[in-house]
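Colleague: Here you go, one structure.
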Number of protein chains: 2
Amino acid sequence: MAREGVAMLMLEDTEGKRDPAVRWLSGQPGDALLFLSVDKRCALVPWDINMAKMYANAEAMVPYSEFERQPIKAARALAEFFKIPSGSRVEIPAVTPYPIFLKFVEGLGDYDVLCRDGGASEEIAALRAIKDGEEIRLYREASAKTNQVIDLLEKKLKAGVFTTETDVALYIEAVARDKDCEGTGFETIAAGPTRSFGIHAVPAFTSNPFATQGLSILDFGLKYKGYTTDVTLTVCHGTLTKAQDRMVSLVRKAYELALGLCTPDFPTREISLAVESLFGKAKKTMPHSLGHGIGLEAHEAPLIRSRADNEWKLAPGMIFTLEPGLYDPVHGGCRLENDVLMTEKGPEVLTRSRIITI
Amino acid sequence: MAREGVAMLMLEDTEGKRDPAVRWLSGQPGDALLFLSVDKRCALVPWDINMAKMYANAEAMVPYSEFERQPIKAARALAEFFKIPSGSRVEIPAVTPYPIFLKFVEGLGDYDVLCRDGGASEEIAALRAIKDGEEIRLYREASAKTNQVIDLLEKKLKAGVFTTETDVALYIEAVARDKDCEGTGFETIAAGPTRSFGIHAVPAFTSNPFATQGLSILDFGLKYKGYTTDVTLTVCHGTLTKAQDRMVSLVRKAYELALGLCTPDFPTREISLAVESLFGKAKKTMPHSLGHGIGLEAHEAPLIRSRADNEWKLAPGMIFTLEPGLYDPVHGGCRLENDVLMTEKGPEVLTRSRIITI
């Protein structure tokens, strides 16, 4: 903030504008504004003051209702509280819609309102991309729990315990909580052979059969102390068609290729391009990114995709997914996804998701 | 569009920027851009072209990957496809962040890029606030299913079938799918007596006990053919403290008061103010809005809150929640929420959520 001459920064974590930086910095698990001043003061404006008293840590905590639930009123009051000199730069989240930006400019008349890409929210997101020792320790625990669930799932799938997509999805929900997780990190996708062609099956799970003849996809994560894992299993049942066999073997190859390229300082765009080129040679296209960082969000920095504007490089401490997948409206889909920790020595695969044959 | 001189409109329904207008207008259940021209042409740019072929209806459907997954490239190509004359107004969603708005202005150099409150996306949202006959029919079905679940829950709660918050939340997930719903409309909140003080308990449900001595809150909705219901039950177990009794009776009173004020053309702000005044006289504060419209989103127009800028009035065809609630860190929380259809003759309460005593 000092470098860029920003006197006060506002962060917002609300529905539709989730920013886990608020939790990361203050402890408040959600629905709050957080104000930081360049002289290291900090004020939280939570929707739920009772929850803030239990979880959060900030110099001042003022319920949002005191500002008639208006972010601009809160910003004005906190600028006064921090004694921010008029004319100073006040930064608001880069995701602020243009019409609301205009209202901030009007409502904070004395201040220079900043709303920009590459600003403070992005810098904090970039800081969050590299996990510290405590976060890595949490991730190892979350991954161990995830691996136990994967083993249980494989056993039960082989025993034919699950009939429908709902059976398997709700089993994961229940076992997550038994294992002291907050739950799943996002809505579990359980897509049986008739629906596995969808990248994100809609609805995420139904009373359709799961793990019957063909390819089924199961994509889930466990949320543990705020942090979520993210893995995808493919379940192959019965004799696959030639096209299905080919998809499965290409996805395996792509996964190994991607993992082999993970070294510190390597551009994530190049890993993605390598996988896309492998698929391209087989006349296949992957309709989504190769992976993404994970943490307090199911998708966070670093980006792992082939778009020309992706300038991310791997660095020790990053935790991210690799999830090559191929989809076909007739033959179904196959995706393999694991969570990888970048270390100085190379990639460490934390989760043990796999392609299961039953 | 013609009235405001808008030649092309872009709508976006993606993660973090959900706009069900895309589904409402095209049938595509999510992850897509939709372009409309003033001469009534329509093009869909879906992430998942296979899903679009199954669900969507548009003059042209082009996978997002054709535009290297860049919205501005897509907008430029579609403007060309629609033969939009240069200099015309092109409207983008009002939620577009300011830095991205600047990129649109640069990338669509020949066009006049519009991004505004009260623009086309809001007009469509306002149109969606008033449900048509088919939507009301769907809502009656969804409400009937919800009421069956409420009856089942009451029976099982009285029989002591559920032990933990997870038990009850996952029971709803499973029964939703048995009843041919897409699932729940949002993450079910099941908060036992130790956690019911939170407006939105975090996590939404845990292995803590549910419906033991004191006040428990259960907030859920069923999603049926895209539309979600939204109800909250409070479960009172055992002899309540005087403070708990008072909260329960105030919430009941507030609910009846609000319902009694629902007539066509009545400002929703005044209903909210009446409830807040009732609570205020009892030295209590409700830390959230009195209600909200429901539909393809769990929260949509109309607003039902007391903020000075709320100018919504009730109109026949609107479907909305009324959900007065009070919360206390020591005594727990109580909320009663039902879904109401505004008719010419008065409010019709579609769901039968209630305060259950066991």
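Convention: chains lettered A, B, ... in structure tokens order; per-chain residue numbering from 1; ligands numbered from 1 as shown.
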If chain A is fitted onto chain B by least squares over all C-alpha atoms, taken pair by pair in sequence order, what do its new coordinates look like as an mmCIF file with C-alpha atoms, in the first residue's frame?
Modeller:
data_model
loop_
_atom_site.group_PDB
_atom_site.id
_atom_site.type_symbol
_atom_site.label_atom_id
_atom_site.label_comp_id
_atom_site.auth_asym_id
_atom_site.auth_seq_id
_atom_site.Cartn_x
_atom_site.Cartn_y
_atom_site.Cartn_z
ATOM 1 C CA MET A 1 -33.387 -1.911 -26.202
ATOM 2 C CA ALA A 2 -34.989 0.133 -28.966
ATOM 3 C CA ARG A 3 -36.214 2.708 -26.422
ATOM 4 C CA GLU A 4 -32.689 3.243 -25.104
ATOM 5 C CA GLY A 5 -31.001 2.945 -28.477
ATOM 6 C CA VAL A 6 -29.128 -0.213 -27.516
ATOM 7 C CA ALA A 7 -28.142 -2.169 -30.648
ATOM 8 C CA MET A 8 -26.664 -5.216 -28.911
ATOM 9 C CA LEU A 9 -26.879 -6.532 -25.377
ATOM 10 C CA MET A 10 -24.501 -8.990 -23.758
ATOM 11 C CA LEU A 11 -25.601 -11.093 -20.774
ATOM 12 C CA GLU A 12 -23.171 -13.235 -18.797
ATOM 13 C CA ASP A 13 -23.874 -16.239 -16.588
ATOM 14 C CA THR A 14 -20.582 -17.513 -15.164
ATOM 15 C CA GLU A 15 -19.145 -18.389 -11.787
ATOM 16 C CA GLY A 16 -19.172 -15.333 -9.560
ATOM 17 C CA LYS A 17 -21.356 -13.471 -12.099
ATOM 18 C CA ARG A 18 -24.456 -15.632 -12.174
ATOM 19 C CA ASP A 19 -27.320 -14.206 -14.220
ATOM 20 C CA PRO A 20 -30.247 -16.619 -14.609
ATOM 21 C CA ALA A 21 -31.592 -14.384 -17.374
ATOM 22 C CA VAL A 22 -29.383 -16.457 -19.677
ATOM 23 C CA ARG A 23 -31.273 -19.611 -18.711
ATOM 24 C CA TRP A 24 -34.582 -17.766 -18.663
ATOM 25 C CA LEU A 25 -34.098 -16.506 -22.226
ATOM 26 C CA SER A 26 -32.141 -19.339 -23.870
ATOM 27 C CA GLY A 27 -32.656 -22.501 -21.831
ATOM 28 C CA GLN A 28 -28.898 -22.974 -21.237
ATOM 29 C CA PRO A 29 -28.563 -23.856 -17.541
ATOM 30 C CA GLY A 30 -25.305 -21.993 -16.957
ATOM 31 C CA ASP A 31 -21.804 -20.909 -18.004
ATOM 32 C CA ALA A 32 -22.554 -18.938 -21.136
ATOM 33 C CA LEU A 33 -22.662 -15.502 -22.706
ATOM 34 C CA LEU A 34 -25.867 -14.502 -24.461
ATOM 35 C CA PHE A 35 -25.996 -11.782 -27.116
ATOM 36 C CA LEU A 36 -29.246 -10.136 -28.178
ATOM 37 C CA SER A 37 -29.646 -7.634 -30.995
ATOM 38 C CA VAL A 38 -32.284 -4.933 -31.156
ATOM 39 C CA ASP A 39 -33.713 -6.596 -34.294
ATOM 40 C CA LYS A 40 -34.472 -9.703 -32.148
ATOM 41 C CA ARG A 41 -31.578 -11.916 -33.104
ATOM 42 C CA CYS A 42 -29.946 -14.050 -30.486
ATOM 43 C CA ALA A 43 -26.626 -15.910 -30.134
ATOM 44 C CA LEU A 44 -25.412 -18.133 -27.330
ATOM 45 C CA VAL A 45 -21.737 -18.624 -26.475
ATOM 46 C CA PRO A 46 -21.685 -21.606 -24.121
ATOM 47 C CA TRP A 47 -18.704 -23.115 -22.315
ATOM 48 C CA ASP A 48 -20.204 -26.556 -22.976
ATOM 49 C CA ILE A 49 -21.534 -26.855 -26.519
ATOM 50 C CA ASN A 50 -22.833 -30.402 -25.944
ATOM 51 C CA MET A 51 -25.048 -29.223 -23.132
ATOM 52 C CA ALA A 52 -26.231 -26.267 -25.218
ATOM 53 C CA LYS A 53 -27.303 -28.611 -28.009
ATOM 54 C CA MET A 54 -29.444 -30.495 -25.506
ATOM 55 C CA TYR A 55 -30.978 -27.621 -23.563
ATOM 56 C CA ALA A 56 -30.663 -24.330 -25.387
ATOM 57 C CA ASN A 57 -32.440 -22.492 -28.112
ATOM 58 C CA ALA A 58 -30.748 -19.693 -30.042
ATOM 59 C CA GLU A 59 -30.268 -18.615 -33.643
ATOM 60 C CA ALA A 60 -26.517 -19.250 -33.355
ATOM 61 C CA MET A 61 -24.512 -21.248 -30.838
ATOM 62 C CA VAL A 62 -20.722 -20.876 -30.861
ATOM 63 C CA PRO A 63 -18.507 -22.531 -28.232
ATOM 64 C CA TYR A 64 -16.605 -20.063 -26.038
ATOM 65 C CA SER A 65 -13.335 -21.773 -26.954
ATOM 66 C CA GLU A 66 -13.726 -20.382 -30.511
ATOM 67 C CA PHE A 67 -13.093 -16.961 -29.005
ATOM 68 C CA GLU A 68 -10.134 -18.189 -26.943
ATOM 69 C CA ARG A 69 -12.468 -17.855 -23.955
ATOM 70 C CA GLN A 70 -12.305 -14.059 -24.144
ATOM 71 C CA PRO A 71 -15.599 -12.211 -23.711
ATOM 72 C CA ILE A 72 -14.422 -9.146 -25.630
ATOM 73 C CA LYS A 73 -13.457 -11.264 -28.653
ATOM 74 C CA ALA A 74 -16.870 -12.916 -28.505
ATOM 75 C CA ALA A 75 -18.614 -9.550 -28.281
ATOM 76 C CA ARG A 76 -16.681 -8.220 -31.272
ATOM 77 C CA ALA A 77 -17.455 -11.303 -33.366
ATOM 78 C CA LEU A 78 -21.143 -11.290 -32.510
ATOM 79 C CA ALA A 79 -21.468 -7.568 -33.237
ATOM 80 C CA GLU A 80 -20.087 -8.362 -36.678
ATOM 81 C CA PHE A 81 -22.404 -11.368 -37.081
ATOM 82 C CA PHE A 82 -25.426 -9.220 -36.174
ATOM 83 C CA LYS A 83 -24.085 -6.480 -38.501
ATOM 84 C CA ILE A 84 -24.268 -3.877 -35.719
ATOM 85 C CA PRO A 85 -23.318 -0.515 -37.302
ATOM 86 C CA SER A 86 -20.218 1.052 -35.774
ATOM 87 C CA GLY A 87 -20.994 3.847 -33.330
ATOM 88 C CA SER A 88 -23.978 1.899 -31.949
ATOM 89 C CA ARG A 89 -24.615 1.327 -28.277
ATOM 90 C CA VAL A 90 -23.519 -2.072 -26.963
ATOM 91 C CA GLU A 91 -24.631 -2.827 -23.417
ATOM 92 C CA ILE A 92 -22.665 -5.110 -21.095
ATOM 93 C CA PRO A 93 -23.762 -6.374 -17.653
ATOM 94 C CA ALA A 94 -24.040 -3.799 -14.877
ATOM 95 C CA VAL A 95 -21.912 -6.076 -12.674
ATOM 96 C CA THR A 96 -18.909 -5.726 -15.009
ATOM 97 C CA PRO A 97 -15.926 -4.680 -12.893
ATOM 98 C CA TYR A 98 -14.559 -1.233 -13.666
ATOM 99 C CA PRO A 99 -11.161 -2.508 -14.953
ATOM 100 C CA ILE A 100 -12.917 -4.934 -17.315
ATOM 101 C CA PHE A 101 -15.294 -2.198 -18.452
ATOM 102 C CA LEU A 102 -12.224 -0.223 -19.515
ATOM 103 C CA LYS A 103 -11.023 -3.219 -21.550
ATOM 104 C CA PHE A 104 -14.404 -3.517 -23.271
ATOM 105 C CA VAL A 105 -14.255 0.177 -24.156
ATOM 106 C CA GLU A 106 -10.805 -0.359 -25.639
ATOM 107 C CA GLY A 107 -11.619 -3.688 -27.325
ATOM 108 C CA LEU A 108 -14.917 -2.541 -28.843
ATOM 109 C CA GLY A 109 -13.386 0.673 -30.097
ATOM 110 C CA ASP A 110 -16.043 1.399 -32.715
ATOM 111 C CA TYR A 111 -18.966 0.967 -30.354
ATOM 112 C CA ASP A 112 -20.388 2.991 -27.519
ATOM 113 C CA VAL A 113 -20.084 0.617 -24.536
ATOM 114 C CA LEU A 114 -22.842 1.001 -21.955
ATOM 115 C CA CYS A 115 -22.578 -0.374 -18.409
ATOM 116 C CA ARG A 116 -25.154 1.034 -16.026
ATOM 117 C CA ASP A 117 -27.475 0.529 -13.146
ATOM 118 C CA GLY A 118 -31.086 0.342 -14.219
ATOM 119 C CA GLY A 119 -30.023 -0.992 -17.592
ATOM 120 C CA ALA A 120 -31.118 -4.000 -19.570
ATOM 121 C CA SER A 121 -29.950 -6.669 -17.094
ATOM 122 C CA GLU A 122 -31.944 -4.954 -14.364
ATOM 123 C CA GLU A 123 -34.971 -4.580 -16.599
ATOM 124 C CA ILE A 124 -34.837 -8.296 -17.347
ATOM 125 C CA ALA A 125 -34.470 -9.032 -13.613
ATOM 126 C CA ALA A 126 -37.524 -6.854 -12.980
ATOM 127 C CA LEU A 127 -39.441 -8.747 -15.670
ATOM 128 C CA ARG A 128 -38.415 -11.978 -13.952
ATOM 129 C CA ALA A 129 -39.823 -10.701 -10.624
ATOM 130 C CA ILE A 130 -43.336 -11.182 -11.980
ATOM 131 C CA LYS A 131 -43.912 -14.833 -12.703
ATOM 132 C CA ASP A 132 -46.043 -15.983 -15.615
ATOM 133 C CA GLY A 133 -48.667 -18.731 -15.502
ATOM 134 C CA GLU A 134 -46.226 -21.543 -16.291
ATOM 135 C CA GLU A 135 -43.777 -20.328 -13.652
ATOM 136 C CA ILE A 136 -46.540 -20.111 -11.038
ATOM 137 C CA ARG A 137 -47.642 -23.635 -11.941
ATOM 138 C CA LEU A 138 -44.040 -24.837 -11.433
ATOM 139 C CA TYR A 139 -43.875 -22.992 -8.116
ATOM 140 C CA ARG A 140 -47.042 -24.678 -6.899
ATOM 141 C CA GLU A 141 -45.474 -28.049 -7.701
ATOM 142 C CA ALA A 142 -42.181 -27.100 -6.037
ATOM 143 C CA SER A 143 -44.083 -25.832 -2.992
ATOM 144 C CA ALA A 144 -46.153 -29.026 -2.767
ATOM 145 C CA LYS A 145 -42.914 -31.029 -2.745
ATOM 146 C CA THR A 146 -41.451 -28.673 -0.133
ATOM 147 C CA ASN A 147 -44.546 -29.091 2.037
ATOM 148 C CA GLN A 148 -44.257 -32.877 1.825
ATOM 149 C CA VAL A 149 -40.654 -32.576 3.002
ATOM 150 C CA ILE A 150 -41.711 -30.286 5.877
ATOM 151 C CA ASP A 151 -44.342 -32.829 6.973
ATOM 152 C CA LEU A 152 -41.804 -35.664 6.783
ATOM 153 C CA LEU A 153 -39.309 -33.593 8.743
ATOM 154 C CA GLU A 154 -41.816 -32.812 11.484
ATOM 155 C CA LYS A 155 -42.740 -36.480 11.824
ATOM 156 C CA LYS A 156 -39.129 -37.594 11.950
ATOM 157 C CA LEU A 157 -38.111 -34.797 14.311
ATOM 158 C CA LYS A 158 -40.898 -35.767 16.705
ATOM 159 C CA ALA A 159 -39.827 -39.415 16.430
ATOM 160 C CA GLY A 160 -36.241 -38.401 17.271
ATOM 161 C CA VAL A 161 -34.843 -39.922 14.069
ATOM 162 C CA PHE A 162 -32.194 -37.234 13.516
ATOM 163 C CA THR A 163 -29.245 -36.840 15.845
ATOM 164 C CA THR A 164 -26.942 -34.359 14.128
ATOM 165 C CA GLU A 165 -27.284 -31.327 11.866
ATOM 166 C CA THR A 166 -25.753 -33.413 9.088
ATOM 167 C CA ASP A 167 -28.435 -36.099 9.480
ATOM 168 C CA VAL A 168 -31.233 -33.652 8.831
ATOM 169 C CA ALA A 169 -29.447 -31.709 6.062
ATOM 170 C CA LEU A 170 -28.524 -34.834 4.103
ATOM 171 C CA TYR A 171 -31.985 -36.302 4.587
ATOM 172 C CA ILE A 172 -33.333 -33.241 2.765
ATOM 173 C CA GLU A 173 -30.746 -33.652 -0.019
ATOM 174 C CA ALA A 174 -31.741 -37.253 -0.570
ATOM 175 C CA VAL A 175 -35.493 -36.757 -0.396
ATOM 176 C CA ALA A 176 -35.235 -33.749 -2.765
ATOM 177 C CA ARG A 177 -33.840 -36.009 -5.464
ATOM 178 C CA ASP A 178 -36.358 -38.751 -4.720
ATOM 179 C CA LYS A 179 -39.001 -36.159 -5.452
ATOM 180 C CA ASP A 180 -37.470 -35.398 -8.869
ATOM 181 C CA CYS A 181 -35.981 -32.091 -7.817
ATOM 182 C CA GLU A 182 -32.606 -30.958 -9.180
ATOM 183 C CA GLY A 183 -31.545 -30.857 -5.536
ATOM 184 C CA THR A 184 -31.611 -28.119 -2.935
ATOM 185 C CA GLY A 185 -31.638 -24.522 -4.124
ATOM 186 C CA PHE A 186 -28.775 -23.469 -1.853
ATOM 187 C CA GLU A 187 -26.708 -25.098 0.885
ATOM 188 C CA THR A 188 -29.116 -26.214 3.606
ATOM 189 C CA ILE A 189 -28.506 -24.510 6.936
ATOM 190 C CA ALA A 190 -29.098 -26.841 9.871
ATOM 191 C CA ALA A 191 -28.038 -25.122 13.075
ATOM 192 C CA GLY A 192 -28.650 -26.802 16.401
ATOM 193 C CA PRO A 193 -29.119 -24.892 19.661
ATOM 194 C CA THR A 194 -25.412 -24.033 20.049
ATOM 195 C CA ARG A 195 -25.198 -22.498 16.566
ATOM 196 C CA SER A 196 -28.654 -21.137 15.786
ATOM 197 C CA PHE A 197 -27.596 -17.635 16.897
ATOM 198 C CA GLY A 198 -25.859 -17.178 13.508
ATOM 199 C CA ILE A 199 -27.826 -15.673 10.632
ATOM 200 C CA HIS A 200 -25.931 -17.932 8.254
ATOM 201 C CA ALA A 201 -24.269 -20.597 10.369
ATOM 202 C CA VAL A 202 -20.732 -21.390 9.156
ATOM 203 C CA PRO A 203 -20.323 -24.212 8.294
ATOM 204 C CA ALA A 204 -23.915 -24.671 7.139
ATOM 205 C CA PHE A 205 -24.228 -28.003 8.967
ATOM 206 C CA THR A 206 -21.902 -30.017 11.172
ATOM 207 C CA SER A 207 -21.879 -33.158 13.286
ATOM 208 C CA ASN A 208 -23.230 -31.062 16.203
ATOM 209 C CA PRO A 209 -26.567 -32.132 17.683
ATOM 210 C CA PHE A 210 -29.784 -30.857 16.094
ATOM 211 C CA ALA A 211 -33.161 -30.299 17.768
ATOM 212 C CA THR A 212 -31.910 -30.855 21.291
ATOM 213 C CA GLN A 213 -32.966 -28.584 24.190
ATOM 214 C CA GLY A 214 -33.437 -25.010 22.954
ATOM 215 C CA LEU A 215 -33.859 -23.460 19.500
ATOM 216 C CA SER A 216 -32.683 -25.049 16.247
ATOM 217 C CA ILE A 217 -32.963 -23.480 12.798
ATOM 218 C CA LEU A 218 -33.420 -25.332 9.511
ATOM 219 C CA ASP A 219 -33.283 -23.241 6.314
ATOM 220 C CA PHE A 220 -33.615 -25.016 2.965
ATOM 221 C CA GLY A 221 -35.153 -24.892 -0.490
ATOM 222 C CA LEU A 222 -35.988 -27.418 -3.174
ATOM 223 C CA LYS A 223 -34.869 -26.681 -6.734
ATOM 224 C CA TYR A 224 -37.398 -27.896 -9.247
ATOM 225 C CA LYS A 225 -36.975 -27.319 -12.984
ATOM 226 C CA GLY A 226 -34.634 -24.430 -12.232
ATOM 227 C CA TYR A 227 -36.817 -22.695 -9.644
ATOM 228 C CA THR A 228 -36.064 -22.825 -5.937
ATOM 229 C CA THR A 229 -38.278 -22.585 -2.888
ATOM 230 C CA ASP A 230 -36.827 -21.153 0.341
ATOM 231 C CA VAL A 231 -38.239 -21.932 3.788
ATOM 232 C CA THR A 232 -37.020 -21.843 7.370
ATOM 233 C CA LEU A 233 -38.333 -23.938 10.244
ATOM 234 C CA THR A 234 -37.483 -23.317 13.873
ATOM 235 C CA VAL A 235 -37.544 -26.357 16.130
ATOM 236 C CA CYS A 236 -38.194 -25.713 19.835
ATOM 237 C CA HIS A 237 -37.233 -28.574 22.088
ATOM 238 C CA GLY A 238 -38.036 -28.793 25.794
ATOM 239 C CA THR A 239 -38.977 -25.982 28.117
ATOM 240 C CA LEU A 240 -37.743 -22.727 26.636
ATOM 241 C CA THR A 241 -36.236 -19.916 28.659
ATOM 242 C CA LYS A 242 -38.305 -16.780 29.013
ATOM 243 C CA ALA A 243 -36.014 -15.016 26.536
ATOM 244 C CA GLN A 244 -36.455 -17.821 24.002
ATOM 245 C CA ASP A 245 -40.230 -17.804 24.420
ATOM 246 C CA ARG A 246 -40.247 -14.075 23.831
ATOM 247 C CA MET A 247 -38.158 -14.373 20.643
ATOM 248 C CA VAL A 248 -40.442 -17.073 19.261
ATOM 249 C CA SER A 249 -43.587 -15.132 19.983
ATOM 250 C CA LEU A 250 -42.150 -11.907 18.517
ATOM 251 C CA VAL A 251 -41.103 -13.710 15.339
ATOM 252 C CA ARG A 252 -44.590 -15.182 14.960
ATOM 253 C CA LYS A 253 -46.114 -11.738 15.445
ATOM 254 C CA ALA A 254 -43.728 -10.182 12.949
ATOM 255 C CA TYR A 255 -44.570 -12.834 10.384
ATOM 256 C CA GLU A 256 -48.326 -12.278 10.760
ATOM 257 C CA LEU A 257 -47.857 -8.517 10.646
ATOM 258 C CA ALA A 258 -45.814 -8.736 7.433
ATOM 259 C CA LEU A 259 -48.244 -11.102 5.767
ATOM 260 C CA GLY A 260 -51.169 -8.856 6.673
ATOM 261 C CA LEU A 261 -49.526 -5.940 4.880
ATOM 262 C CA CYS A 262 -49.036 -7.795 1.586
ATOM 263 C CA THR A 263 -51.343 -6.162 -0.945
ATOM 264 C CA PRO A 264 -50.708 -5.211 -4.564
ATOM 265 C CA ASP A 265 -48.923 -1.850 -4.958
ATOM 266 C CA PHE A 266 -47.802 -1.790 -1.325
ATOM 267 C CA PRO A 267 -44.125 -0.730 -0.938
ATOM 268 C CA THR A 268 -42.009 -3.592 0.371
ATOM 269 C CA ARG A 269 -39.919 -1.084 2.302
ATOM 270 C CA GLU A 270 -42.932 -0.203 4.443
ATOM 271 C CA ILE A 271 -43.573 -3.852 5.291
ATOM 272 C CA SER A 272 -39.954 -4.149 6.414
ATOM 273 C CA LEU A 273 -40.130 -0.935 8.430
ATOM 274 C CA ALA A 274 -43.303 -2.164 10.172
ATOM 275 C CA VAL A 275 -41.559 -5.365 11.257
ATOM 276 C CA GLU A 276 -38.439 -3.508 12.353
ATOM 277 C CA SER A 277 -40.570 -1.140 14.370
ATOM 278 C CA LEU A 278 -42.332 -4.089 16.095
ATOM 279 C CA PHE A 279 -38.937 -5.569 16.986
ATOM 280 C CA GLY A 280 -37.582 -2.152 17.952
ATOM 281 C CA LYS A 281 -40.366 -1.662 20.501
ATOM 282 C CA ALA A 282 -39.251 -4.937 22.105
ATOM 283 C CA LYS A 283 -35.620 -3.657 22.041
ATOM 284 C CA LYS A 284 -34.659 -6.250 19.450
ATOM 285 C CA THR A 285 -32.968 -5.869 16.060
ATOM 286 C CA MET A 286 -33.319 -8.073 13.015
ATOM 287 C CA PRO A 287 -29.848 -8.275 11.432
ATOM 288 C CA HIS A 288 -31.053 -9.142 7.920
ATOM 289 C CA SER A 289 -33.692 -8.257 5.340
ATOM 290 C CA LEU A 290 -37.299 -9.255 5.918
ATOM 291 C CA GLY A 291 -37.405 -11.200 2.661
ATOM 292 C CA HIS A 292 -36.587 -11.324 -1.041
ATOM 293 C CA GLY A 293 -37.984 -12.486 -4.341
ATOM 294 C CA ILE A 294 -37.271 -16.073 -5.351
ATOM 295 C CA GLY A 295 -37.214 -17.791 -8.705
ATOM 296 C CA LEU A 296 -34.328 -19.088 -10.790
ATOM 297 C CA GLU A 297 -32.187 -17.542 -8.057
ATOM 298 C CA ALA A 298 -32.552 -18.041 -4.327
ATOM 299 C CA HIS A 299 -32.388 -14.235 -4.025
ATOM 300 C CA GLU A 300 -33.847 -12.130 -6.783
ATOM 301 C CA ALA A 301 -36.190 -9.202 -7.313
ATOM 302 C CA PRO A 302 -38.203 -7.799 -5.606
ATOM 303 C CA LEU A 303 -36.156 -6.531 -2.679
ATOM 304 C CA ILE A 304 -38.023 -6.699 0.623
ATOM 305 C CA ARG A 305 -35.930 -4.586 2.931
ATOM 306 C CA SER A 306 -35.957 -1.294 4.760
ATOM 307 C CA ARG A 307 -33.068 0.452 3.053
ATOM 308 C CA ALA A 308 -34.050 3.926 1.910
ATOM 309 C CA ASP A 309 -33.198 3.125 -1.723
ATOM 310 C CA ASN A 310 -35.685 0.233 -1.929
ATOM 311 C CA GLU A 311 -38.500 1.402 -4.198
ATOM 312 C CA TRP A 312 -40.087 -1.962 -4.924
ATOM 313 C CA LYS A 313 -43.856 -2.373 -4.680
ATOM 314 C CA LEU A 314 -45.699 -5.670 -4.586
ATOM 315 C CA ALA A 315 -47.479 -6.762 -7.750
ATOM 316 C CA PRO A 316 -49.598 -9.772 -8.704
ATOM 317 C CA GLY A 317 -47.376 -12.630 -9.885
ATOM 318 C CA MET A 318 -44.495 -11.824 -7.554
ATOM 319 C CA ILE A 319 -43.228 -14.727 -5.453
ATOM 320 C CA PHE A 320 -41.140 -13.821 -2.438
ATOM 321 C CA THR A 321 -40.128 -14.910 1.039
ATOM 322 C CA LEU A 322 -41.118 -13.411 4.365
ATOM 323 C CA GLU A 323 -38.551 -14.417 6.961
ATOM 324 C CA PRO A 324 -38.469 -12.446 10.186
ATOM 325 C CA GLY A 325 -35.789 -13.679 12.590
ATOM 326 C CA LEU A 326 -34.153 -12.833 15.905
ATOM 327 C CA TYR A 327 -30.778 -14.085 17.137
ATOM 328 C CA ASP A 328 -29.038 -14.078 20.467
ATOM 329 C CA PRO A 329 -25.575 -15.455 21.212
ATOM 330 C CA VAL A 330 -26.812 -16.976 24.493
ATOM 331 C CA HIS A 331 -30.364 -18.066 23.736
ATOM 332 C CA GLY A 332 -29.974 -19.029 20.062
ATOM 333 C CA GLY A 333 -32.033 -17.972 17.086
ATOM 334 C CA CYS A 334 -35.555 -18.186 15.720
ATOM 335 C CA ARG A 335 -36.601 -17.586 12.117
ATOM 336 C CA LEU A 336 -39.846 -18.378 10.318
ATOM 337 C CA GLU A 337 -39.810 -18.229 6.523
ATOM 338 C CA ASN A 338 -42.419 -19.010 3.914
ATOM 339 C CA ASP A 339 -42.868 -18.371 0.204
ATOM 340 C CA VAL A 340 -45.708 -16.068 -0.739
ATOM 341 C CA LEU A 341 -47.425 -15.512 -4.085
ATOM 342 C CA MET A 342 -48.958 -12.059 -4.496
ATOM 343 C CA THR A 343 -52.357 -12.313 -6.159
ATOM 344 C CA GLU A 344 -54.924 -9.674 -7.032
ATOM 345 C CA LYS A 345 -56.920 -10.824 -4.019
ATOM 346 C CA GLY A 346 -54.116 -10.896 -1.500
ATOM 347 C CA PRO A 347 -51.153 -12.997 -0.420
ATOM 348 C CA GLU A 348 -51.254 -16.746 -0.991
ATOM 349 C CA VAL A 349 -48.793 -18.592 1.237
ATOM 350 C CA LEU A 350 -47.443 -21.411 -0.938
ATOM 351 C CA THR A 351 -45.282 -23.186 1.640
ATOM 352 C CA ARG A 352 -46.239 -24.415 5.079
ATOM 353 C CA SER A 353 -43.104 -23.901 7.118
ATOM 354 C CA ARG A 354 -43.727 -23.421 10.827
ATOM 355 C CA ILE A 355 -42.307 -23.290 14.312
ATOM 356 C CA ILE A 356 -42.287 -26.883 15.479
ATOM 357 C CA THR A 357 -42.375 -27.797 19.156
ATOM 358 C CA ILE A 358 -41.081 -31.207 20.165
#
Colleague: Extract the full set of helix (DSSP H, G or I) residues from region 71-320 of chain B according to DSSP on the backbone, and format it as a PyMOL selection string.
Modeller: chain B and resi 71-81+98-107+120-129+133-158+165-178+242-261+268-281
Colleague: Based on DSSP run over this structure's backbone, return all residues of region 203-249 of chain B in strand (DSSP E), as a VMD selection string.
Modeller: chain B and resid 214 to 220 222 to 224 227 to 228 231 to 237
